file run10.txt (compact mmCIF, C-alpha atoms)
# COMPACT_ATOMS: atom_id res chain seq x y z
CA MET A 450 24.82 -8.36 -11.48
CA THR A 451 25.11 -4.59 -11.16
CA LYS A 452 22.50 -2.26 -12.53
CA LEU A 453 23.60 0.18 -15.18
CA LYS A 454 22.81 3.73 -14.13
CA GLN A 455 21.93 6.30 -16.72
CA ILE A 456 21.39 10.03 -16.42
CA ILE A 457 18.24 11.48 -17.96
CA GLY A 458 17.05 15.06 -18.04
CA ARG A 459 13.96 16.87 -16.80
CA LYS A 460 12.45 16.33 -20.24
CA GLU A 461 12.89 13.32 -22.52
CA LEU A 462 11.46 12.04 -25.77
CA VAL A 463 9.63 8.75 -25.22
CA ASP A 464 8.05 6.11 -27.43
CA PHE A 465 5.16 3.75 -26.79
CA PRO A 466 6.01 0.88 -29.17
CA GLU A 467 2.89 -1.19 -28.45
CA LEU A 468 0.71 1.86 -29.16
CA GLY A 469 2.60 2.85 -32.31
CA VAL A 470 3.52 6.29 -30.96
CA THR A 471 7.03 7.74 -31.12
CA GLY A 472 8.76 10.97 -30.18
CA ILE A 473 6.43 12.31 -27.50
CA HIS A 474 7.76 14.89 -25.04
CA ALA A 475 7.68 13.66 -21.45
CA LYS A 476 8.30 15.47 -18.19
CA ILE A 477 10.36 13.57 -15.63
CA ASP A 478 8.71 14.19 -12.27
CA THR A 479 10.27 12.58 -9.20
CA GLY A 480 7.42 14.02 -7.13
CA ALA A 481 4.90 11.90 -9.03
CA TYR A 482 4.65 8.22 -8.15
CA SER A 483 3.26 6.82 -11.39
CA ASN A 484 3.27 7.53 -15.13
CA THR A 485 0.54 9.29 -17.05
CA LEU A 486 -0.28 9.42 -20.76
CA HIS A 487 -2.50 12.04 -22.40
CA CYS A 488 -5.44 10.27 -24.03
CA HIS A 489 -8.64 11.26 -25.76
CA ASP A 490 -12.06 9.59 -25.89
CA ILE A 491 -11.44 7.12 -23.03
CA HIS A 492 -14.41 4.77 -22.68
CA LEU A 493 -15.53 1.19 -22.08
CA LYS A 494 -16.97 -0.81 -24.96
CA ASP A 495 -17.98 -4.46 -24.58
CA LYS A 496 -15.91 -4.77 -21.36
CA LYS A 497 -12.81 -3.44 -23.16
CA LEU A 498 -11.03 -0.18 -22.41
CA CYS A 499 -10.89 1.96 -25.55
CA PHE A 500 -8.98 5.23 -26.08
CA LYS A 501 -7.03 7.34 -28.54
CA VAL A 502 -3.50 8.47 -27.64
CA LEU A 503 -3.12 12.28 -27.46
CA ASP A 504 -5.86 14.46 -29.02
CA PRO A 505 -6.61 16.10 -32.40
CA THR A 506 -4.59 19.23 -31.49
CA HIS A 507 -1.34 17.26 -31.05
CA PRO A 508 0.93 16.89 -34.14
CA VAL A 509 1.49 13.13 -33.58
CA PHE A 510 -2.23 12.34 -33.03
CA SER A 511 -3.79 9.61 -35.11
CA GLN A 512 -7.42 8.55 -35.11
CA LYS A 513 -6.40 4.99 -34.19
CA GLU A 514 -8.47 3.62 -31.33
CA HIS A 515 -6.64 1.25 -29.00
CA SER A 516 -8.43 -1.35 -26.90
CA PHE A 517 -7.24 -3.34 -23.91
CA ASN A 518 -8.91 -6.36 -22.33
CA GLU A 519 -6.77 -6.05 -19.21
CA PHE A 520 -6.81 -2.79 -17.32
CA LEU A 521 -7.17 -1.36 -13.83
CA ARG A 522 -9.23 1.43 -12.36
CA LYS A 523 -7.57 3.34 -9.57
CA LYS A 524 -8.03 6.51 -7.56
CA ILE A 525 -5.08 8.84 -8.07
CA LYS A 526 -4.28 12.26 -6.65
CA ASN A 527 -3.68 14.67 -9.53
CA SER A 528 -1.26 17.62 -9.57
CA PHE A 529 -3.92 19.86 -8.03
CA GLY A 530 -4.30 17.52 -5.04
CA GLU A 531 -7.72 16.26 -6.18
CA ILE A 532 -8.57 12.55 -6.19
CA GLU A 533 -9.75 11.25 -9.55
CA GLU A 534 -10.48 7.78 -10.82
CA ARG A 535 -8.32 6.76 -13.79
CA TYR A 536 -7.95 3.77 -16.03
CA MET A 537 -4.51 2.18 -16.09
CA ILE A 538 -2.87 -0.12 -18.62
CA LYS A 539 0.37 -2.06 -18.76
CA THR A 540 2.46 -1.26 -21.82
CA LYS A 541 6.05 -0.65 -22.90
CA ILE A 542 7.77 2.74 -22.75
CA LYS A 543 11.03 3.45 -24.54
CA ILE A 544 13.05 6.09 -22.73
CA ALA A 545 16.74 6.91 -23.11
CA GLY A 546 17.24 3.86 -25.32
CA ARG A 547 15.71 1.41 -22.83
CA VAL A 548 12.36 -0.33 -23.21
CA ILE A 549 10.52 -0.77 -19.91
CA LYS A 550 7.19 -2.49 -19.25
CA SER A 551 5.20 -0.21 -16.95
CA ILE A 552 1.75 0.67 -15.70
CA ILE A 553 0.45 3.97 -17.09
CA SER A 554 -2.62 5.94 -16.12
CA LEU A 555 -4.70 7.44 -18.91
CA THR A 556 -6.13 10.93 -18.53
CA ASP A 557 -6.75 14.19 -20.36
CA ARG A 558 -3.52 16.21 -20.09
CA GLY A 559 -4.54 18.58 -22.88
CA LYS A 560 -4.02 21.64 -20.71
CA MET A 561 -0.61 20.48 -19.50
CA ARG A 562 2.67 21.39 -21.22
CA TYR A 563 3.79 17.75 -21.55
CA PRO A 564 1.51 14.94 -22.73
CA VAL A 565 3.47 12.33 -20.75
CA LEU A 566 4.52 12.35 -17.12
CA ILE A 567 7.16 9.87 -15.94
CA GLY A 568 7.09 9.20 -12.20
CA ARG A 569 9.58 7.78 -9.74
CA LYS A 570 8.21 4.22 -9.86
CA LEU A 571 9.47 3.78 -13.45
CA LEU A 572 12.72 5.60 -12.69
CA ARG A 573 13.54 3.14 -9.91
CA ASN A 574 13.77 0.35 -12.48

call {"tool": "encode", "arguments": {"input": "run10.txt", "output": "structure tokens"}}
result
Amino acid sequence: MTKLKQIIGRKELVDFPELGVTGIHAKIDTGAYSNTLHCHDIHLKDKKLCFKVLDPTHPVFSQKEHSFNEFLRKKIKNSFGEIEERYMIKTKIKIAGRVIKSIISLTDRGKMRYPVLIGRKLLRN
């Protein structure tokens, strides 16, 4: 079976169906290994990871708190070359008409131009 190749741009609109979020601008970054989603109020509560997608300044922000029983904690080098510990979840991303299950790190990207970063690991699939 041959894989269908598709061309995507530097920027794409993405959805996170399991999080109920649609139409978020994402930067495609082949220099980044993994994916990152801008989140607000990331914390642990009763051994569950809780967070809100985006932040109150973003037009698509909702106050809905998401919680995950299964998550990872990993040290990741950020765009400034600094190592930071981030929580990671497995969820679906819809990009260019395809829905892909992927691991996404959660962090505050409020000062960045794009709330979502798509790395080369997802692009390989």

call {"tool": "atom_distance", "arguments": {"input": "run10.txt", "atom1": "CA of His474 in chain A", "atom2": "CA of Leu493 in chain A"}}
result
27.2 Å

call {"tool": "residues_near_point", "arguments": {"input": "run10.txt", "point": "(-9.4, 10.0, -5.4)", "cutoff": "6 Å", "atoms": "only C-alpha atoms", "output": "NGL selection string"}}
result
:A and (524-526 or 532-534)

call {"tool": "residues_around", "arguments": {"input": "run10.txt", "residues": "Ile457 in chain A", "least_positions_apart": "4", "cutoff": "10 Å", "atoms": "only C-alpha atoms", "output": "PDB file with C-alpha atoms, in the coordinates of the input"}}
result
ATOM      1  CA  GLU A 461      12.890  13.320 -22.520  1.00  0.00           C
ATOM      2  CA  ILE A 477      10.360  13.570 -15.630  1.00  0.00           C
ATOM      3  CA  ILE A 544      13.050   6.090 -22.730  1.00  0.00           C
ATOM      4  CA  ALA A 545      16.740   6.910 -23.110  1.00  0.00           C
ATOM      5  CA  LEU A 572      12.720   5.600 -12.690  1.00  0.00           C
TER       6      LEU A 572
END

call {"tool": "axis_aligned_box", "arguments": {"input": "run10.txt", "around": "range 541-560 of chain A", "padding_each_side": "4 Å", "output": "AutoDock Vina command-line options"}}
result
--center_x 5.2 --center_y 9.6 --center_z -20.5 --size_x 32.0 --size_y 32.1 --size_z 17.6

call {"tool": "residues_around", "arguments": {"input": "run10.txt", "residues": "range 515-522 of chain A", "least_positions_apart": "5", "cutoff": "12 Å", "atoms": "all atoms listed in the file", "output": "NGL selection string"}}
result
:A and (467-470 or 488-503 or 533-540 or 552-556)

call {"tool": "closest_residue", "arguments": {"input": "run10.txt", "among": "A:Gly546, A:Gly480, A:Gly530, A:Gly458", "to": "Gly568 in chain A", "atoms": "only C-alpha atoms"}}
result
A:Gly480

call {"tool": "residues_around", "arguments": {"input": "run10.txt", "residues": "Lys460 in chain A", "least_positions_apart": "4", "cutoff": "10 Å", "atoms": "all atoms listed in the file", "output": "list in words"}}
result
His474, Ala475, Lys476, Ile477, Asp478, Tyr563, Val565, Leu566 and Ile567 of chain A

call {"tool": "atom_distance", "arguments": {"input": "run10.txt", "atom1": "CA of Leu486 in chain A", "atom2": "CA of Pro564 in chain A"}}
result
6.1 Å

call {"tool": "atom_distance", "arguments": {"input": "run10.txt", "atom1": "CA of Phe465 in chain A", "atom2": "CA of Lys541 in chain A"}}
result
5.9 Å

call {"tool": "decode", "arguments": {"input": "run10.txt", "residues": "range 523-538 of chain A", "atoms": "C-alpha atoms", "output": "PDB file, in the first residue's frame"}}
result
ATOM      1  CA  LYS A 523       9.090  15.016  29.681  1.00  0.00           C
ATOM      2  CA  LYS A 524      12.032  17.384  29.471  1.00  0.00           C
ATOM      3  CA  ILE A 525      11.954  19.296  26.194  1.00  0.00           C
ATOM      4  CA  LYS A 526      14.275  21.898  24.725  1.00  0.00           C
ATOM      5  CA  ASN A 527      12.251  25.009  23.887  1.00  0.00           C
ATOM      6  CA  SER A 528      12.866  27.419  20.989  1.00  0.00           C
ATOM      7  CA  PHE A 529      15.323  29.394  23.129  1.00  0.00           C
ATOM      8  CA  GLY A 530      17.443  26.285  23.737  1.00  0.00           C
ATOM      9  CA  GLU A 531      16.363  25.987  27.386  1.00  0.00           C
ATOM     10  CA  ILE A 532      15.285  22.650  28.868  1.00  0.00           C
ATOM     11  CA  GLU A 533      11.836  22.711  30.452  1.00  0.00           C
ATOM     12  CA  GLU A 534       9.632  19.991  31.846  1.00  0.00           C
ATOM     13  CA  ARG A 535       6.272  19.706  30.076  1.00  0.00           C
ATOM     14  CA  TYR A 536       3.176  17.591  30.360  1.00  0.00           C
ATOM     15  CA  MET A 537       2.237  15.629  27.262  1.00  0.00           C
ATOM     16  CA  ILE A 538      -1.052  14.072  26.199  1.00  0.00           C
TER      17      ILE A 538
END
